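As provided, input18.txt (compact mmCIF, C-alpha atoms) reads as follows.
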```txt
# COMPACT_ATOMS: atom_id res chain seq x y z
CA MET A 1 2.27 -81.27 -23.23
CA ASP A 2 5.92 -80.30 -23.68
CA GLU A 3 6.17 -76.51 -23.29
CA TYR A 4 9.06 -76.58 -25.78
CA LEU A 5 7.12 -78.59 -28.36
CA CYS A 6 7.50 -76.17 -31.28
CA GLU A 7 11.05 -75.18 -30.50
CA GLN A 8 12.16 -78.80 -30.17
CA HIS A 9 10.41 -79.71 -33.43
CA LEU A 10 12.18 -76.85 -35.19
CA LYS A 11 15.54 -77.88 -33.74
CA GLU A 12 15.08 -81.47 -34.92
CA LEU A 13 13.92 -80.57 -38.44
CA ALA A 14 16.13 -77.56 -39.17
CA PRO A 15 18.99 -76.90 -36.71
CA GLU A 16 20.27 -73.89 -38.68
CA LEU A 17 16.83 -72.26 -38.74
CA HIS A 18 16.47 -72.98 -35.03
CA GLN A 19 19.79 -71.27 -34.37
CA ARG A 20 18.66 -68.25 -36.40
CA TYR A 21 15.49 -68.14 -34.29
CA CYS A 22 17.49 -68.26 -31.04
CA HIS A 23 19.73 -65.42 -32.16
CA SER A 24 16.68 -63.37 -33.11
CA ILE A 25 14.87 -63.56 -29.81
CA THR A 26 17.88 -62.37 -27.81
CA ARG A 27 17.49 -59.05 -29.65
CA LEU A 28 13.78 -58.82 -28.93
CA PHE A 29 13.80 -58.29 -25.16
CA LYS A 30 14.32 -54.53 -25.29
CA VAL A 31 11.99 -54.11 -28.29
CA LEU A 32 9.12 -55.74 -26.45
CA ASP A 33 9.82 -53.76 -23.27
CA ASN A 34 9.48 -50.48 -25.18
CA TYR A 35 5.68 -50.52 -24.91
CA GLN A 36 5.93 -49.64 -21.20
CA ALA A 37 7.12 -46.10 -21.97
CA ARG A 38 3.81 -45.28 -23.68
CA PHE A 39 1.53 -47.75 -21.85
CA PRO A 40 2.85 -47.90 -18.25
CA TRP A 41 -0.68 -48.74 -17.05
CA PHE A 42 -1.31 -51.49 -19.58
CA THR A 43 -1.28 -55.29 -19.24
CA ASP A 44 1.98 -57.10 -19.92
CA HIS A 45 3.10 -57.15 -23.55
CA THR A 46 6.73 -58.09 -22.93
CA MET A 47 8.62 -61.28 -23.75
CA LEU A 48 6.77 -62.98 -20.88
CA HIS A 49 3.43 -62.53 -22.65
CA SER A 50 4.96 -63.91 -25.86
CA ILE A 51 6.21 -66.96 -23.96
CA ASN A 52 2.71 -67.53 -22.54
CA VAL A 53 1.30 -67.33 -26.07
CA ILE A 54 3.84 -69.87 -27.33
CA ASN A 55 3.03 -72.23 -24.46
CA PHE A 56 -0.67 -72.03 -25.31
CA CYS A 57 0.14 -72.65 -28.99
CA ASN A 58 2.14 -75.74 -28.04
CA THR A 59 -0.84 -77.16 -26.18
CA LEU A 60 -3.29 -76.28 -28.95
CA ILE A 61 -1.09 -77.87 -31.61
CA ALA A 62 -0.54 -81.11 -29.66
CA ASN A 63 -0.44 -84.05 -32.07
CA ASN A 64 -0.73 -81.76 -35.08
CA ILE A 65 2.96 -81.00 -34.60
CA LYS A 66 3.89 -83.93 -36.83
CA TYR A 67 2.11 -82.25 -39.73
CA LEU A 68 3.97 -78.94 -39.39
CA ASN A 69 7.14 -78.38 -41.37
CA ALA A 70 10.13 -76.46 -40.00
CA ASP A 71 9.21 -73.28 -41.86
CA GLU A 72 5.72 -73.22 -40.35
CA VAL A 73 7.10 -73.66 -36.84
CA TYR A 74 9.72 -70.96 -37.37
CA VAL A 75 7.12 -68.52 -38.69
CA LEU A 76 4.74 -69.24 -35.78
CA LEU A 77 7.45 -68.77 -33.15
CA MET A 78 8.73 -65.54 -34.67
CA SER A 79 5.17 -64.23 -35.03
CA ALA A 80 4.44 -65.02 -31.39
CA TYR A 81 7.39 -62.91 -30.33
CA LEU A 82 6.71 -60.07 -32.76
CA HIS A 83 2.90 -59.80 -32.75
CA ASP A 84 2.88 -56.95 -30.21
CA SER A 85 6.05 -55.20 -31.41
CA GLY A 86 3.90 -52.35 -32.74
CA MET A 87 3.03 -51.31 -29.18
CA GLY A 88 6.50 -49.87 -28.61
CA ILE A 89 7.27 -48.06 -31.86
CA SER A 90 9.01 -44.69 -31.88
CA GLU A 91 7.19 -41.50 -32.85
CA ALA A 92 9.35 -41.32 -35.98
CA ASP A 93 8.24 -44.79 -37.05
CA TYR A 94 4.66 -43.92 -36.12
CA GLU A 95 4.68 -41.06 -38.62
CA ILE A 96 6.10 -43.32 -41.35
CA PHE A 97 3.89 -46.32 -40.62
CA CYS A 98 0.70 -44.24 -40.48
CA GLN A 99 1.09 -43.60 -44.19
CA ASN A 100 0.39 -47.31 -44.82
CA ILE A 101 -2.36 -47.82 -42.24
CA ASN A 102 -6.01 -46.81 -42.51
CA ILE A 103 -6.65 -45.36 -39.08
CA GLU A 104 -10.36 -45.06 -39.85
CA HIS A 105 -12.31 -42.73 -37.56
CA TYR A 106 -9.26 -41.12 -35.95
CA SER A 107 -8.30 -37.66 -37.15
CA LYS A 108 -4.54 -37.43 -37.08
CA THR A 109 -3.39 -34.87 -34.54
CA ASP A 110 -0.20 -34.19 -32.65
CA SER A 111 -1.74 -34.93 -29.27
CA SER A 112 -0.11 -37.73 -27.31
CA GLU A 113 -3.56 -39.02 -26.37
CA SER A 114 -4.51 -39.47 -30.01
CA LEU A 115 -1.20 -41.14 -30.84
CA THR A 116 -1.54 -43.53 -27.92
CA ALA A 117 -5.14 -44.41 -28.81
CA ILE A 118 -4.26 -45.06 -32.44
CA ILE A 119 -1.29 -47.27 -31.57
CA ARG A 120 -3.41 -49.24 -29.11
CA ASP A 121 -6.26 -49.79 -31.57
CA PHE A 122 -4.04 -50.58 -34.54
CA HIS A 123 -0.99 -52.10 -32.86
CA HIS A 124 -1.38 -55.26 -34.96
CA GLU A 125 -0.97 -53.15 -38.09
CA PHE A 126 1.96 -51.24 -36.59
CA SER A 127 3.52 -54.60 -35.72
CA GLY A 128 3.28 -55.63 -39.36
CA GLU A 129 4.98 -52.41 -40.49
CA PHE A 130 7.64 -52.80 -37.80
CA ILE A 131 8.45 -56.33 -38.94
CA LYS A 132 8.72 -55.27 -42.56
CA LYS A 133 11.10 -52.44 -41.73
CA TYR A 134 13.31 -54.26 -39.22
CA ALA A 135 13.23 -57.88 -40.42
CA SER A 136 16.95 -57.87 -41.19
CA GLN A 137 17.70 -56.68 -37.64
CA PHE A 138 16.13 -59.88 -36.35
CA ASP A 139 17.87 -62.07 -38.91
CA ILE A 140 14.60 -62.93 -40.68
CA PRO A 141 15.18 -64.16 -44.27
CA SER A 142 13.22 -62.07 -46.75
CA GLU A 143 11.02 -64.91 -47.98
CA TYR A 144 9.57 -65.40 -44.47
CA VAL A 145 8.66 -61.76 -43.93
CA PHE A 146 5.21 -61.85 -45.56
CA ALA A 147 4.12 -64.89 -43.53
CA ILE A 148 5.38 -63.46 -40.22
CA VAL A 149 3.77 -60.10 -40.94
CA GLN A 150 0.41 -61.68 -41.77
CA ILE A 151 0.31 -64.00 -38.78
CA SER A 152 1.36 -61.19 -36.43
CA ARG A 153 -1.29 -58.87 -37.89
CA GLY A 154 -3.85 -61.64 -37.68
CA HIS A 155 -3.85 -61.84 -33.89
CA ARG A 156 -6.75 -59.35 -33.95
CA LYS A 157 -9.40 -57.89 -36.28
CA ILE A 158 -7.99 -59.13 -39.62
CA ASN A 159 -10.21 -61.35 -41.81
CA LEU A 160 -8.63 -64.80 -41.70
CA TYR A 161 -10.98 -66.07 -44.41
CA ASP A 162 -9.29 -63.89 -47.05
CA GLU A 163 -7.36 -66.22 -49.38
CA GLN A 164 -5.19 -63.42 -50.74
CA GLU A 165 -4.09 -62.18 -47.35
CA TYR A 166 -4.06 -65.64 -45.78
CA PRO A 167 -3.39 -68.24 -48.48
CA SER A 168 -3.86 -71.79 -47.22
CA LYS A 169 -0.63 -72.73 -48.99
CA TYR A 170 2.04 -70.05 -49.08
CA THR A 171 4.87 -71.82 -50.88
CA LEU A 172 8.54 -71.04 -50.24
CA SER A 173 11.50 -71.52 -52.56
CA ASN A 174 12.34 -74.84 -50.88
CA GLY A 175 8.92 -76.21 -51.83
CA ASN A 176 7.51 -76.15 -48.30
CA ALA A 177 4.05 -74.62 -47.94
CA ILE A 178 3.02 -72.53 -44.93
CA CYS A 179 -0.63 -72.77 -43.90
CA LEU A 180 -1.25 -69.16 -42.90
CA PRO A 181 -4.90 -69.55 -41.76
CA TYR A 182 -4.00 -72.29 -39.28
CA LEU A 183 -1.05 -70.45 -37.77
CA ALA A 184 -2.89 -67.13 -37.60
CA ALA A 185 -5.92 -68.75 -35.92
CA LEU A 186 -3.65 -70.44 -33.38
CA LEU A 187 -1.91 -67.19 -32.52
CA ARG A 188 -5.19 -65.25 -32.27
CA LEU A 189 -6.69 -67.83 -29.93
CA ALA A 190 -3.55 -68.19 -27.80
CA ASP A 191 -3.32 -64.42 -27.42
CA GLU A 192 -7.01 -64.18 -26.48
CA ILE A 193 -6.78 -66.67 -23.62
CA ASP A 194 -3.74 -65.15 -21.89
CA VAL A 195 -5.87 -63.43 -19.26
CA ALA A 196 -5.07 -65.20 -15.98
CA VAL A 197 -3.33 -63.73 -12.95
CA ASP A 198 0.12 -64.82 -14.17
CA ARG A 199 -0.24 -62.61 -17.27
CA ASN A 200 1.17 -59.71 -15.22
CA SER A 201 3.90 -59.39 -12.61
CA ILE A 202 3.05 -58.66 -8.96
CA THR A 203 4.57 -55.19 -9.28
CA MET A 204 2.25 -54.39 -12.19
CA TYR A 205 -0.77 -55.18 -10.03
CA GLU A 206 0.56 -52.92 -7.27
CA GLN A 207 1.21 -49.88 -9.47
CA LYS A 208 -1.24 -47.01 -9.86
CA HIS A 209 -3.35 -47.41 -13.00
CA ASN A 210 -6.25 -45.65 -14.66
CA SER A 211 -9.90 -46.76 -14.53
CA VAL A 212 -9.62 -48.85 -17.70
CA SER A 213 -6.53 -50.76 -16.64
CA ASP A 214 -7.85 -51.26 -13.09
CA HIS A 215 -10.90 -52.94 -14.62
CA ILE A 216 -8.68 -55.33 -16.63
CA PHE A 217 -6.24 -55.99 -13.80
CA ASN A 218 -9.08 -56.84 -11.40
CA MET A 219 -10.32 -59.48 -13.84
CA HIS A 220 -6.84 -60.90 -14.32
CA ARG A 221 -6.28 -61.12 -10.58
CA ALA A 222 -9.59 -62.95 -10.16
CA ILE A 223 -8.82 -65.49 -12.89
CA GLN A 224 -6.57 -67.97 -11.14
CA ARG A 225 -5.93 -70.24 -14.07
CA ILE A 226 -6.76 -70.92 -17.72
CA SER A 227 -6.24 -74.56 -18.60
CA ILE A 228 -6.57 -76.23 -21.98
CA GLU A 229 -8.28 -79.60 -21.81
CA GLN A 230 -8.83 -82.06 -24.65
CA GLU A 231 -12.16 -80.52 -25.73
CA SER A 232 -12.43 -77.32 -23.73
CA PHE A 233 -10.83 -74.32 -22.09
CA VAL A 234 -11.41 -74.09 -18.35
CA ILE A 235 -11.42 -70.73 -16.55
CA LYS A 236 -11.04 -70.99 -12.78
CA PHE A 237 -11.77 -67.76 -10.93
CA ASP A 238 -12.52 -66.29 -7.52
CA VAL A 239 -14.56 -63.06 -7.41
CA LYS A 240 -14.78 -62.96 -3.59
CA GLY A 241 -18.48 -62.11 -3.72
CA ASP A 242 -18.11 -59.21 -6.15
CA MET A 243 -21.14 -59.35 -8.47
CA LYS A 244 -19.74 -56.71 -10.85
CA LEU A 245 -16.49 -58.62 -11.20
CA TYR A 246 -18.45 -61.81 -11.89
CA ASP A 247 -20.39 -60.06 -14.67
CA ASP A 248 -17.14 -58.74 -16.14
CA ILE A 249 -15.62 -62.23 -16.23
CA MET A 250 -18.75 -63.63 -17.87
CA GLN A 251 -18.50 -60.90 -20.51
CA LEU A 252 -14.84 -61.80 -21.03
CA LYS A 253 -15.85 -65.44 -21.35
CA ARG A 254 -18.30 -64.54 -24.14
CA LYS A 255 -15.57 -62.60 -25.93
CA MET A 256 -13.24 -65.59 -25.67
CA GLU A 257 -16.01 -67.87 -26.96
CA HIS A 258 -16.47 -65.64 -29.99
CA THR A 259 -12.75 -65.92 -30.77
CA LEU A 260 -12.77 -69.68 -30.18
CA PHE A 261 -15.72 -70.27 -32.50
CA GLU A 262 -14.24 -68.04 -35.18
CA CYS A 263 -10.82 -69.69 -35.03
CA ARG A 264 -12.35 -73.18 -35.02
CA ASP A 265 -14.36 -72.28 -38.10
CA VAL A 266 -11.35 -70.84 -39.93
CA ILE A 267 -9.32 -73.97 -39.21
CA HIS A 268 -12.19 -76.28 -40.18
CA ARG A 269 -13.06 -74.48 -43.40
CA ARG A 270 -9.65 -73.44 -44.65
CA THR A 271 -7.15 -76.07 -43.47
CA SER A 272 -6.65 -79.79 -43.05
CA PHE A 273 -5.89 -79.32 -39.34
CA VAL A 274 -8.16 -79.89 -36.37
CA LEU A 275 -8.81 -77.83 -33.25
CA SER A 276 -10.31 -80.18 -30.67
CA GLN A 277 -11.41 -77.54 -28.13
CA LYS A 278 -15.12 -76.74 -28.58
CA GLU A 279 -16.21 -74.75 -25.51
CA ILE A 280 -15.15 -72.56 -22.63
CA ILE A 281 -16.11 -73.66 -19.12
CA ALA A 282 -16.03 -71.16 -16.25
CA ILE A 283 -15.70 -72.45 -12.68
CA GLY A 284 -16.05 -69.83 -9.94
CA LYS A 285 -15.46 -69.66 -6.20
CA ASN A 286 -16.90 -67.32 -3.56
CA LEU A 287 -19.65 -66.13 -5.85
CA PHE A 288 -22.43 -64.51 -3.75
```

Go through the file and emit its structure as structure tokens.
Amino acid sequence: MDEYLCEQHLKELAPELHQRYCHSITRLFKVLDNYQARFPWFTDHTMLHSINVINFCNTLIANNIKYLNADEVYVLLMSAYLHDSGMGISEADYEIFCQNINIEHYSKTDSSESLTAIIRDFHHEFSGEFIKKYASQFDIPSEYVFAIVQISRGHRKINLYDEQEYPSKYTLSNGNAICLPYLAALLRLADEIDVAVDRNSITMYEQKHNSVSDHIFNMHRAIQRISIEQESFVIKFDVKGDMKLYDDIMQLKRKMEHTLFECRDVIHRRTSFVLSQKEIIAIGKNLF
């Protein structure tokens, strides 16, 4: 599958919108790198992760590309780049954005630990607030903002069955309709499966982390490849005889299956699109 499938489709259908998209992403490099100041021990959430997510989306879309209009492709691409923008927000924006986000069980304190935990748990919501505030900085036309916010937010936790938050036909002034449930489900699934060794740079693996990040990095290093086949996802891994690591990968597999089944169901029930992948297959080496 062409790794530039969506971008090429956008360029063919709407050259001016494609140019706007290209100008936007050149401004996003530093924004996406900002997360490292607060989460130096965390898995990659830079432009490289966004590119992985887009590549997975291209493969998942496959022949459905002919049914997507230019606006849908633009919104998906921009959402893929912006979905983790909330990880790197400033403390000033954090204070402002918190007024619009229900942070549930957290009691708001001034401690850096609390701030970091809240941003991590609700970064999808902070991403939505970030996009709303800075859309003009990324040359996003106002009528696309709602769709990009919702799809970015929808990469985790949000109820994709909600017709008000995720209308199956969000119509623009040009008459084109954006199918928010389909795009949000694609992004959520693509984000979920970016867990292989190439998710992070070699230097990230070599840096000193905490116990939580070491746990995640060990799994990523063991997962050699995630491939998308016609009807399945295939995880190839090597645990080098580590039983605990094997159990961790199986738990991760179950989490991925939950996301796959949920996204398949959303697409089946709420859209006219099809997701052909039905299962996750794990193939291990050097087990015990």

- request: Report the distance between CA of Ile65 (chain A) and CA of Glu279 (chain A) in Å, rounded to one decimal place.
  value: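 Those two atoms sit 22.1 Å apart.
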
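Residues with at least one atom no more than 10 Å from (-0.5, -59.7, -40.4), using all atoms listed in the file, are Ser79, His83, His124, Glu125, Phe126, Ser127, Gly128, Glu129, Ile131, Phe146, Ala147, Ile148, Val149, Gln150, Ile151, Ser152, Arg153, Gly154, His155, Arg156, Lys157, Ile158, Asn159, Leu160, Glu165, Tyr166, Leu180 and Ala184 of chain A.
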
File dump, residues just selected, C-alpha atoms, as an mmCIF file, keeping the file's coordinate frame:
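What follows is the written file part-v9.cif:
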```cif
data_model
loop_
_atom_site.group_PDB
_atom_site.id
_atom_site.type_symbol
_atom_site.label_atom_id
_atom_site.label_comp_id
_atom_site.auth_asym_id
_atom_site.auth_seq_id
_atom_site.Cartn_x
_atom_site.Cartn_y
_atom_site.Cartn_z
ATOM 1 C CA SER A 79 5.170 -64.230 -35.030
ATOM 2 C CA HIS A 83 2.900 -59.800 -32.750
ATOM 3 C CA HIS A 124 -1.380 -55.260 -34.960
ATOM 4 C CA GLU A 125 -0.970 -53.150 -38.090
ATOM 5 C CA PHE A 126 1.960 -51.240 -36.590
ATOM 6 C CA SER A 127 3.520 -54.600 -35.720
ATOM 7 C CA GLY A 128 3.280 -55.630 -39.360
ATOM 8 C CA GLU A 129 4.980 -52.410 -40.490
ATOM 9 C CA ILE A 131 8.450 -56.330 -38.940
ATOM 10 C CA PHE A 146 5.210 -61.850 -45.560
ATOM 11 C CA ALA A 147 4.120 -64.890 -43.530
ATOM 12 C CA ILE A 148 5.380 -63.460 -40.220
ATOM 13 C CA VAL A 149 3.770 -60.100 -40.940
ATOM 14 C CA GLN A 150 0.410 -61.680 -41.770
ATOM 15 C CA ILE A 151 0.310 -64.000 -38.780
ATOM 16 C CA SER A 152 1.360 -61.190 -36.430
ATOM 17 C CA ARG A 153 -1.290 -58.870 -37.890
ATOM 18 C CA GLY A 154 -3.850 -61.640 -37.680
ATOM 19 C CA HIS A 155 -3.850 -61.840 -33.890
ATOM 20 C CA ARG A 156 -6.750 -59.350 -33.950
ATOM 21 C CA LYS A 157 -9.400 -57.890 -36.280
ATOM 22 C CA ILE A 158 -7.990 -59.130 -39.620
ATOM 23 C CA ASN A 159 -10.210 -61.350 -41.810
ATOM 24 C CA LEU A 160 -8.630 -64.800 -41.700
ATOM 25 C CA GLU A 165 -4.090 -62.180 -47.350
ATOM 26 C CA TYR A 166 -4.060 -65.640 -45.780
ATOM 27 C CA LEU A 180 -1.250 -69.160 -42.900
ATOM 28 C CA ALA A 184 -2.890 -67.130 -37.600
#
```

task: Pick out the closest residue to Lys285 (chain A) from this set: A:Phe237, A:Tyr4, A:Tyr182, A:Phe217. Count all atoms listed in the file.
output: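 Comparing A:Phe237, A:Tyr4, A:Tyr182, A:Phe217 against Lys285 (chain A), the winner is A:Phe237.
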
message: Could you check the closest approach to Ser173 (chain A) for each of A:Asp121, A:Gly284, A:Ser136, A:Glu143 and tell me which residue wins, using all atoms listed in the file?
response: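 When distances to Ser173 (chain A) are compared using all atoms listed in the file, the smallest one comes from A:Glu143.
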
Counting only C-alpha atoms, which residues sit no farther than 7 Å from the position (-8.2, -62.2, -6.7) in the file's frame? I'd like them as a tab-separated table (two decimals) with C-alpha atoms, in the frame of the given file.
```
chain	number	residue	atom	x	y	z
A	221	ARG	CA	-6.28	-61.12	-10.58
A	222	ALA	CA	-9.59	-62.95	-10.16
A	238	ASP	CA	-12.52	-66.29	-7.52
A	239	VAL	CA	-14.56	-63.06	-7.41
```

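Minimum distance to Arg27 (chain A) across A:Ala135, A:Ala62, A:Met243, A:Ile280 (counting all atoms listed in the file) occurs at A:Ala135.
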
- prompt: Could you pull the residues within 10 Å of Arg38 (chain A), counting only C-alpha atoms, minus those fewer than 2 positions along the same chain, as a ChimeraX atom specification?
  reply: /A:34-36,40-42,87-90,112,115-116,119-120

- prompt: What separation in Å, quoted to one decimal, exists between CA of Asp71 (chain A) and CA of Leu172 (chain A)?
  reply: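 These atoms are spaced 8.7 Å apart.
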
Distance criterion (all atoms listed in the file): nearest to Asn63 (chain A) out of A:Glu12, A:Asp33, A:Asp2, A:Glu104: A:Asp2

message: Measuring between all atoms listed in the file, which one of A:Cys22, A:Lys30, A:His9, A:Arg269 shows the shortest distance to Tyr67 (chain A)?
response: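 Checking each candidate against Tyr67 (chain A), we get A:His9 as the closest.
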
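Considering all atoms listed in the file, the residue among A:Leu82, A:Leu17, A:Ala190, A:Leu5 positioned nearest to Leu32 (chain A) is A:Leu82.
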